[in-house]
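Q: coords.csv is the file, holding CSV, C-alpha atoms and all ligand atoms:
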chain,number,residue,atom,x,y,z
A,1,MET,CA,-3.8,6.6,-38.9
A,2,ASN,CA,-2.4,10.1,-39.7
A,3,ALA,CA,1.2,11.0,-39.2
A,4,LYS,CA,0.6,12.8,-35.9
A,5,THR,CA,-1.2,9.8,-34.4
A,6,ASN,CA,1.6,7.6,-35.7
A,7,THR,CA,4.2,9.6,-33.9
A,8,GLN,CA,2.2,9.7,-30.7
A,9,ALA,CA,1.9,5.9,-30.8
A,10,LYS,CA,5.6,5.5,-31.3
A,11,THR,CA,6.3,7.9,-28.4
A,12,SER,CA,4.0,6.1,-26.1
A,13,THR,CA,5.6,2.7,-26.8
A,14,ARG,CA,9.2,3.9,-26.5
A,15,LYS,CA,11.2,2.2,-23.7
A,16,PRO,CA,12.0,4.4,-20.8
A,17,LEU,CA,15.4,6.0,-20.0
A,18,ALA,CA,17.9,4.0,-18.0
A,19,VAL,CA,21.0,5.4,-16.3
A,20,ILE,CA,24.1,3.3,-15.7
A,21,THR,CA,27.1,4.5,-13.7
A,22,GLY,CA,30.5,3.2,-14.4
A,23,ALA,CA,29.4,2.3,-17.9
A,24,GLY,CA,32.7,2.5,-19.8
A,25,SER,CA,33.9,-1.0,-18.8
A,26,GLY,CA,33.1,-4.4,-17.3
A,27,ILE,CA,29.6,-5.0,-15.9
A,28,GLY,CA,28.4,-1.4,-16.7
A,29,ALA,CA,29.4,-1.7,-20.4
A,30,ALA,CA,27.7,-5.1,-20.7
A,31,THR,CA,24.6,-3.8,-19.1
A,32,ALA,CA,24.6,-0.7,-21.4
A,33,ARG,CA,24.8,-2.9,-24.5
A,34,THR,CA,22.1,-5.2,-23.3
A,35,LEU,CA,19.6,-2.5,-22.3
A,36,SER,CA,20.4,-0.7,-25.6
A,37,GLU,CA,19.6,-3.8,-27.6
A,38,LEU,CA,16.3,-3.9,-25.8
A,39,GLY,CA,15.5,-0.4,-27.0
A,40,HIS,CA,16.2,1.7,-23.9
A,41,PRO,CA,17.6,5.2,-24.3
A,42,LEU,CA,20.5,5.5,-22.0
A,43,LEU,CA,22.5,8.0,-19.9
A,44,LEU,CA,25.9,6.5,-19.3
A,45,LEU,CA,28.2,8.0,-16.7
A,46,GLY,CA,31.9,7.4,-15.9
A,47,ARG,CA,35.0,9.5,-15.8
A,48,ARG,CA,36.4,8.2,-19.1
A,49,ALA,CA,33.8,9.4,-21.6
A,50,ASP,CA,35.9,8.1,-24.5
A,51,ARG,CA,35.3,4.5,-23.2
A,52,ILE,CA,31.6,5.1,-23.1
A,53,GLU,CA,31.5,6.8,-26.5
A,54,ALA,CA,33.4,3.8,-27.9
A,55,LEU,CA,30.5,1.6,-27.2
A,56,GLY,CA,28.7,3.4,-30.1
A,57,LEU,CA,25.2,2.9,-28.7
A,58,PRO,CA,22.2,4.7,-30.2
A,59,ASP,CA,19.9,7.1,-28.2
A,60,THR,CA,22.7,7.4,-25.7
A,61,LEU,CA,23.9,10.4,-23.8
A,62,ALA,CA,27.5,9.8,-22.6
A,63,ARG,CA,28.8,12.2,-19.9
A,64,SER,CA,32.1,12.3,-18.2
A,65,VAL,CA,30.9,12.5,-14.6
A,66,ASP,CA,32.6,11.5,-11.3
A,67,VAL,CA,29.8,9.9,-9.2
A,68,THR,CA,31.2,11.6,-6.1
A,69,ASP,CA,30.1,15.0,-7.6
A,70,GLU,CA,26.5,15.2,-6.6
A,71,GLN,CA,25.7,18.2,-8.7
A,72,ALA,CA,27.3,16.8,-11.9
A,73,VAL,CA,25.3,13.5,-11.5
A,74,ALA,CA,22.1,15.5,-11.0
A,75,ALA,CA,22.8,17.8,-14.0
A,76,ALA,CA,23.5,14.8,-16.3
A,77,VAL,CA,20.2,13.2,-15.2
A,78,HIS,CA,18.4,16.4,-15.9
A,79,GLU,CA,19.9,16.7,-19.3
A,80,ALA,CA,19.1,13.1,-20.3
A,81,GLU,CA,15.5,13.5,-19.0
A,82,ALA,CA,15.0,16.6,-21.2
A,83,LEU,CA,16.1,14.4,-24.2
A,84,TYR,CA,14.5,11.0,-23.4
A,85,GLY,CA,11.9,11.5,-20.7
A,86,PRO,CA,11.9,10.4,-17.1
A,87,VAL,CA,14.4,7.9,-15.7
A,88,ASP,CA,12.8,4.5,-15.0
A,89,LEU,CA,15.9,2.7,-14.0
A,90,ILE,CA,19.2,3.5,-12.5
A,91,VAL,CA,22.0,0.9,-12.2
A,92,ASN,CA,24.4,2.2,-9.6
A,93,ASN,CA,27.4,0.2,-10.8
A,94,ALA,CA,30.4,2.5,-10.5
A,95,GLY,CA,32.8,1.1,-8.0
A,96,VAL,CA,36.5,0.7,-7.0
A,97,MET,CA,38.1,-2.2,-5.2
A,98,LEU,CA,41.4,-1.4,-3.6
A,99,LEU,CA,42.2,-4.5,-1.6
A,100,GLY,CA,44.6,-4.0,1.3
A,101,ALA,CA,45.5,-4.8,4.9
A,102,VAL,CA,44.2,-2.2,7.3
A,103,ALA,CA,47.4,-2.1,9.2
A,104,HIS,CA,49.3,-0.8,6.1
A,105,GLN,CA,46.8,0.5,3.5
A,106,PRO,CA,47.1,4.2,2.6
A,107,THR,CA,44.0,5.8,4.2
A,108,GLY,CA,43.4,7.7,0.9
A,109,GLU,CA,42.3,4.3,-0.5
A,110,TRP,CA,39.7,3.9,2.3
A,111,GLU,CA,38.4,7.4,1.5
A,112,ARG,CA,38.2,6.6,-2.2
A,113,MET,CA,36.3,3.4,-1.8
A,114,PHE,CA,33.8,5.0,0.6
A,115,ASP,CA,33.5,8.1,-1.6
A,116,VAL,CA,32.8,6.1,-4.8
A,117,ASN,CA,31.1,2.9,-3.6
A,118,VAL,CA,28.9,4.5,-0.9
A,119,ARG,CA,28.5,8.3,-1.4
A,120,GLY,CA,28.6,8.0,-5.2
A,121,LEU,CA,25.9,5.4,-5.1
A,122,LEU,CA,23.8,7.7,-2.9
A,123,ASN,CA,24.3,10.5,-5.4
A,124,GLY,CA,22.9,8.3,-8.1
A,125,VAL,CA,19.9,7.4,-5.9
A,126,ARG,CA,19.2,11.0,-5.0
A,127,ALA,CA,19.3,12.2,-8.6
A,128,VAL,CA,16.5,10.0,-9.6
A,129,LEU,CA,14.5,9.1,-6.5
A,130,PRO,CA,12.2,12.2,-6.1
A,131,GLY,CA,11.0,11.8,-9.7
A,132,MET,CA,10.4,8.1,-9.3
A,133,ILE,CA,8.4,8.7,-6.1
A,134,GLU,CA,6.4,11.4,-7.8
A,135,ARG,CA,5.6,9.1,-10.7
A,136,ALA,CA,5.1,6.1,-8.4
A,137,HIS,CA,7.3,4.1,-10.7
A,138,GLY,CA,10.9,3.3,-11.0
A,139,THR,CA,13.7,0.8,-10.2
A,140,VAL,CA,17.0,1.3,-8.4
A,141,ILE,CA,19.5,-1.4,-8.9
A,142,ASN,CA,22.6,-1.2,-6.6
A,143,VAL,CA,25.6,-3.3,-7.5
A,144,SER,CA,27.1,-4.7,-4.4
A,145,SER,CA,29.3,-7.8,-4.1
A,146,VAL,CA,29.5,-11.2,-2.3
A,147,ALA,CA,31.9,-9.2,-0.2
A,148,GLY,CA,28.8,-7.3,0.9
A,149,ARG,CA,27.5,-10.4,2.5
A,150,LYS,CA,30.6,-12.1,3.9
A,151,SER,CA,34.2,-11.3,4.7
A,152,TYR,CA,37.3,-12.2,2.7
A,153,PRO,CA,41.0,-11.7,3.6
A,154,GLY,CA,42.3,-8.3,2.4
A,155,HIS,CA,38.8,-7.0,1.8
A,156,THR,CA,38.1,-5.2,5.0
A,157,VAL,CA,37.4,-1.7,3.7
A,158,TYR,CA,36.0,-2.8,0.3
A,159,SER,CA,33.7,-5.2,2.2
A,160,GLY,CA,32.7,-2.4,4.5
A,161,THR,CA,31.5,-0.3,1.5
A,162,LYS,CA,29.6,-3.2,0.1
A,163,PHE,CA,28.0,-4.2,3.4
A,164,ALA,CA,26.9,-0.5,3.4
A,165,VAL,CA,25.4,-1.0,-0.1
A,166,HIS,CA,23.3,-4.0,1.2
A,167,GLY,CA,22.3,-2.1,4.3
A,168,MET,CA,21.3,1.1,2.6
A,169,SER,CA,19.4,-0.8,-0.1
A,170,ASP,CA,17.4,-2.7,2.4
A,171,SER,CA,16.6,0.5,4.3
A,172,LEU,CA,15.8,2.4,1.2
A,173,ARG,CA,13.4,-0.3,0.1
A,174,GLU,CA,11.4,0.3,3.2
A,175,GLU,CA,11.4,4.1,2.5
A,176,VAL,CA,10.1,3.7,-1.1
A,177,ALA,CA,8.1,0.5,-1.1
A,178,GLY,CA,4.9,2.4,-0.5
A,179,HIS,CA,5.6,4.7,-3.4
A,180,GLY,CA,5.8,1.9,-6.0
A,181,VAL,CA,9.6,2.1,-6.4
A,182,ARG,CA,11.7,-1.0,-6.4
A,183,VAL,CA,15.2,-1.4,-4.9
A,184,ILE,CA,17.2,-4.3,-6.0
A,185,THR,CA,20.7,-5.4,-4.8
A,186,ILE,CA,22.9,-7.4,-7.2
A,187,ALA,CA,25.8,-9.2,-5.4
A,188,PRO,CA,28.3,-10.8,-7.9
A,189,GLY,CA,31.2,-13.1,-7.1
A,190,ALA,CA,34.4,-12.7,-9.1
A,191,VAL,CA,33.9,-11.3,-12.6
A,192,GLU,CA,36.5,-10.9,-15.4
A,193,THR,CA,36.8,-7.1,-15.5
A,194,GLU,CA,39.4,-4.3,-14.8
A,195,LEU,CA,38.3,-4.0,-11.1
A,196,LEU,CA,41.3,-5.7,-9.6
A,197,SER,CA,43.8,-3.7,-11.6
A,198,HIS,CA,43.5,-0.7,-9.3
A,199,THR,CA,44.6,-2.6,-6.2
A,200,THR,CA,48.1,-1.4,-5.1
A,201,ASP,CA,49.0,-4.2,-2.7
A,202,VAL,CA,51.0,-6.4,-5.0
A,203,THR,CA,50.8,-9.6,-2.8
A,204,ILE,CA,47.0,-9.4,-2.3
A,205,LYS,CA,46.6,-8.5,-6.0
A,206,ALA,CA,48.7,-11.5,-7.1
A,207,ASP,CA,46.8,-13.9,-4.7
A,208,TYR,CA,43.4,-12.7,-6.0
A,209,GLN,CA,44.6,-13.0,-9.6
A,210,ALA,CA,45.8,-16.5,-8.9
A,211,PHE,CA,42.3,-17.3,-7.5
A,212,LYS,CA,40.7,-15.8,-10.6
A,213,ASP,CA,43.0,-17.8,-12.9
A,214,SER,CA,42.2,-21.0,-11.0
A,215,ILE,CA,38.5,-21.0,-11.9
A,216,GLN,CA,36.3,-19.8,-14.7
A,217,VAL,CA,35.0,-16.6,-13.2
A,218,LEU,CA,31.8,-14.8,-14.4
A,219,ASP,CA,31.7,-12.9,-17.6
A,220,PRO,CA,30.4,-9.3,-17.3
A,221,GLN,CA,27.5,-10.4,-19.5
A,222,ASP,CA,26.4,-12.9,-16.9
A,223,VAL,CA,25.8,-10.0,-14.4
A,224,ALA,CA,24.2,-7.8,-17.1
A,225,ASP,CA,21.7,-10.6,-17.8
A,226,ALA,CA,20.9,-10.9,-14.1
A,227,ILE,CA,20.4,-7.1,-13.9
A,228,THR,CA,18.2,-7.1,-16.9
A,229,PHE,CA,16.2,-10.1,-15.7
A,230,ALA,CA,15.5,-8.4,-12.4
A,231,TYR,CA,14.4,-5.2,-14.1
A,232,GLN,CA,12.1,-7.0,-16.5
A,233,ARG,CA,10.0,-8.5,-13.8
A,234,PRO,CA,6.6,-6.8,-13.5
A,235,GLN,CA,6.7,-3.6,-11.4
A,236,ARG,CA,4.7,-5.3,-8.6
A,237,VAL,CA,7.6,-7.8,-8.2
A,238,THR,CA,10.9,-7.0,-6.6
A,239,LEU,CA,13.7,-9.4,-6.7
A,240,ARG,CA,15.2,-7.9,-3.6
A,241,GLU,CA,18.6,-9.4,-3.8
A,242,LEU,CA,20.4,-11.5,-6.4
A,243,VAL,CA,23.6,-13.3,-5.5
A,244,ILE,CA,25.4,-14.5,-8.6
A,245,ALA,CA,28.8,-16.3,-8.7
A,246,ALA,CA,30.7,-18.7,-10.8
A,247,THR,CA,29.7,-22.3,-10.1
A,248,ALA,CA,33.4,-23.0,-9.3
A,249,GLN,CA,33.6,-20.1,-6.7
A,250,ALA,CA,33.1,-21.9,-3.4
A,251,ALA,CA,33.0,-19.0,-1.0
B,301,LIG,P1,35.4,-2.0,-13.8
B,301,LIG,O1,36.6,-1.5,-13.1
B,301,LIG,O2,35.5,-2.5,-15.2
B,301,LIG,O3,34.2,-1.0,-13.7
B,301,LIG,C1,34.1,0.0,-12.7
B,301,LIG,C2,33.6,1.2,-13.4
B,301,LIG,O4,33.4,2.2,-12.4
B,301,LIG,C3,34.5,1.8,-14.4
B,301,LIG,O5,33.9,1.9,-15.7
B,301,LIG,C4,34.9,3.2,-13.9
B,301,LIG,O6,35.0,4.1,-14.9
B,301,LIG,C5,33.8,3.5,-12.9
B,301,LIG,N1,34.2,4.4,-11.9
B,301,LIG,C6,35.1,4.2,-10.9
B,301,LIG,N2,35.2,5.3,-10.2
B,301,LIG,C7,34.3,6.2,-10.6
B,301,LIG,C8,33.9,7.5,-10.3
B,301,LIG,N3,34.5,8.1,-9.3
B,301,LIG,N4,32.9,8.1,-11.0
B,301,LIG,C9,32.3,7.5,-12.0
B,301,LIG,N5,32.6,6.2,-12.4
B,301,LIG,C10,33.6,5.6,-11.7
B,301,LIG,O7,34.9,-3.2,-12.8
B,301,LIG,P2,33.5,-4.0,-12.7
B,301,LIG,O8,32.7,-3.9,-13.9
B,301,LIG,O9,33.8,-5.3,-12.1
B,301,LIG,O10,32.8,-3.2,-11.5
B,301,LIG,C11,31.4,-2.8,-11.5
B,301,LIG,C12,30.8,-3.0,-10.2
B,301,LIG,O11,30.8,-4.4,-9.9
B,301,LIG,C13,31.6,-2.3,-9.0
B,301,LIG,O12,30.7,-1.7,-8.1
B,301,LIG,C14,32.3,-3.5,-8.3
B,301,LIG,O13,32.5,-3.3,-7.0
B,301,LIG,C15,31.2,-4.6,-8.5
B,301,LIG,N6,31.7,-6.0,-8.4
B,301,LIG,C16,32.7,-6.4,-9.3
B,301,LIG,C17,33.1,-7.7,-9.1
B,301,LIG,C18,34.2,-8.3,-9.9
B,301,LIG,O14,34.8,-9.3,-9.6
B,301,LIG,N7,34.6,-7.6,-11.0
B,301,LIG,C19,32.6,-8.6,-8.1
B,301,LIG,C20,31.5,-8.0,-7.3
B,301,LIG,C21,31.1,-6.7,-7.5
B,301,LIG,P3,36.0,5.4,-15.0
B,301,LIG,O15,37.3,4.9,-14.4
B,301,LIG,O16,36.0,5.8,-16.4
B,301,LIG,O17,35.3,6.4,-14.1
Turn the structure described in the file into structure tokens.
A:
Amino acid sequence: MNAKTNTQAKTSTRKPLAVITGAGSGIGAATARTLSELGHPLLLLGRRADRIEALGLPDTLARSVDVTDEQAVAAAVHEAEALYGPVDLIVNNAGVMLLGAVAHQPTGEWERMFDVNVRGLLNGVRAVLPGMIERAHGTVINVSSVAGRKSYPGHTVYSGTKFAVHGMSDSLREEVAGHGVRVITIAPGAVETELLSHTTDVTIKADYQAFKDSIQVLDPQDVADAITFAYQRPQRVTLRELVIAATAQAA
């Protein structure tokens, strides 16, 4: 085999590009490490680029992008595709959980959650979907929550955003099923990450922390493994929804 053919063979067997939003911490970082170990080139997005760069992963483009900025998300995807080829997977993972009681919660927190968890997720979908439809191949994995399936005290607005993720994912699946594109929803229970740290209601935050301390919650790697498992099924198989929680989490 001459050098040219060898290069072509290598190119054709290279794993496709995966995009992960909110990749600098928690579930996103664990998923980035896992997909990188499997040989995927990556586009990793989040506002704190230093956290993403600190992962030190090969074949990775790290961009400081706020997922609520539709054009910035699209531009980063464009840049990564020019380097690594078409996106085959997006993990829309970026999210904020600002728990609070509706009667008292600052309305800015409602806006932030809907902006990031709903509109930001849609921006990720929009940036990759036309290409996936054209190629009749691709996977969209949306990270929701068990709070996207049932209610919990103090979770009203967060829960609303995550019910929206479930609803939009189901509807999107109907839009793209005929185009060979998969849509998968991952709904984790409590995971040991930074997510709770942004909640400003001290009572709700303390109660939730006490709950987390009372059981062994999931590790981000547990969710990364579920995401990877779902992605690795043959393209003709869609694991539509995966609900994963610590065995000790009753509700
Ligand atoms: P983290 O707080 O560790 O991760 C959230 C990530 O989202 C951060 O890396 C953050 O990066 C990023 N992010 C937040 N806002 C934006 C934004 N505007 N633009 C771009 N990136 C943003 O928590 P988790 O890993 O737990 O959260 C990941 C997902 O899992 C979320 O969607 C969350 O709702 C969901 N989830 C988590 C559970 C848990 O118990 N931890 C349970 C169920 C679901 P940066 O600040 O640098 O932008």
Q: Do you know which residues are within 7 Å of ligand LIG 301 (chain B) using all atoms listed in the file? Can you write them as a compact mmCIF listing (two decimals) with C-alpha atoms, in the frame of the given file?
A:
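Everything below was put into pocket.txt:
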# COMPACT_ATOMS: atom_id res chain seq x y z
CA THR A 21 27.10 4.50 -13.70
CA GLY A 22 30.50 3.20 -14.40
CA ALA A 23 29.40 2.30 -17.90
CA GLY A 24 32.70 2.50 -19.80
CA SER A 25 33.90 -1.00 -18.80
CA GLY A 26 33.10 -4.40 -17.30
CA ILE A 27 29.60 -5.00 -15.90
CA GLY A 28 28.40 -1.40 -16.70
CA LEU A 45 28.20 8.00 -16.70
CA GLY A 46 31.90 7.40 -15.90
CA ARG A 47 35.00 9.50 -15.80
CA ARG A 48 36.40 8.20 -19.10
CA ALA A 49 33.80 9.40 -21.60
CA ARG A 51 35.30 4.50 -23.20
CA VAL A 65 30.90 12.50 -14.60
CA ASP A 66 32.60 11.50 -11.30
CA VAL A 67 29.80 9.90 -9.20
CA THR A 68 31.20 11.60 -6.10
CA ASN A 93 27.40 0.20 -10.80
CA ALA A 94 30.40 2.50 -10.50
CA GLY A 95 32.80 1.10 -8.00
CA VAL A 96 36.50 0.70 -7.00
CA MET A 97 38.10 -2.20 -5.20
CA VAL A 116 32.80 6.10 -4.80
CA ASN A 117 31.10 2.90 -3.60
CA VAL A 143 25.60 -3.30 -7.50
CA SER A 144 27.10 -4.70 -4.40
CA SER A 145 29.30 -7.80 -4.10
CA VAL A 146 29.50 -11.20 -2.30
CA ALA A 187 25.80 -9.20 -5.40
CA PRO A 188 28.30 -10.80 -7.90
CA GLY A 189 31.20 -13.10 -7.10
CA ALA A 190 34.40 -12.70 -9.10
CA VAL A 191 33.90 -11.30 -12.60
CA GLU A 192 36.50 -10.90 -15.40
CA THR A 193 36.80 -7.10 -15.50
CA GLU A 194 39.40 -4.30 -14.80
CA LEU A 195 38.30 -4.00 -11.10
CA PRO A 220 30.40 -9.30 -17.30
Q: Which residues, written as a ChimeraX atom specification, have at least one atom at most 12 Å from Glu70 of chain A, with all atoms listed in the file counted and residues fewer than 2 positions away on the same chain left out?
A: /A:65-68,72-77,115-116,119-128
Q: Would you pick out the contacts of Arg135 of chain A at 12 Å or less, using only C-alpha atoms, so that residues sharing its chain but fewer than 2 positions from it are not included, and give the list as number ranges by chain?
A: A: 86-88, 128-133, 137-139, 176, 179-181
Q: List the spatial neighbours of Ala250 of chain A as a list in words - criterion: any atom at most 12 Å away, all atoms listed in the file, same-chain residues fewer than 2 positions off excluded.
A: Val146, Gly189, Ala190, Phe211, Ser214, Ile215, Gln216, Val217, Ile244, Ala245, Ala246, Thr247 and Ala248 of chain A
Q: Within 10 Å of segment 30-36 of chain A, counting all atoms listed in the file, which residues qualify if same-chain residues fewer than 3 places away don't, as a ChimeraX atom specification?
A: /A:15,17-27,39-44,52,55-60,91,93,219-228
Q: Would you mind reading off the distance between atom CA of Ala136 of chain A and atom CA of Met168 of chain A, one decimal, in Å?
A: 20.2 Å
Q: Please measure the separation of atom CA of Phe163 of chain A and atom CA of Phe114 of chain A, giving the value in Å to one decimal.
A: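 According to the coordinates, atom CA of Phe163 of chain A and atom CA of Phe114 of chain A are separated by 11.2 Å.
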Q: Identify which of the residues A:Ser169, A:Glu175, A:Ser197, A:Lys212 lies closest to Arg240 of chain A, counting only C-alpha atoms when measuring atom-to-atom distances.
A: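 Comparing A:Ser169, A:Glu175, A:Ser197, A:Lys212 against Arg240 of chain A, the winner is A:Ser169.
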Q: Can you work out the spacing between atom CA of Glu109 of chain A and atom CA of Val140 of chain A in Å, to one decimal?
A: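 Distance between the two atoms: 26.7 Å.
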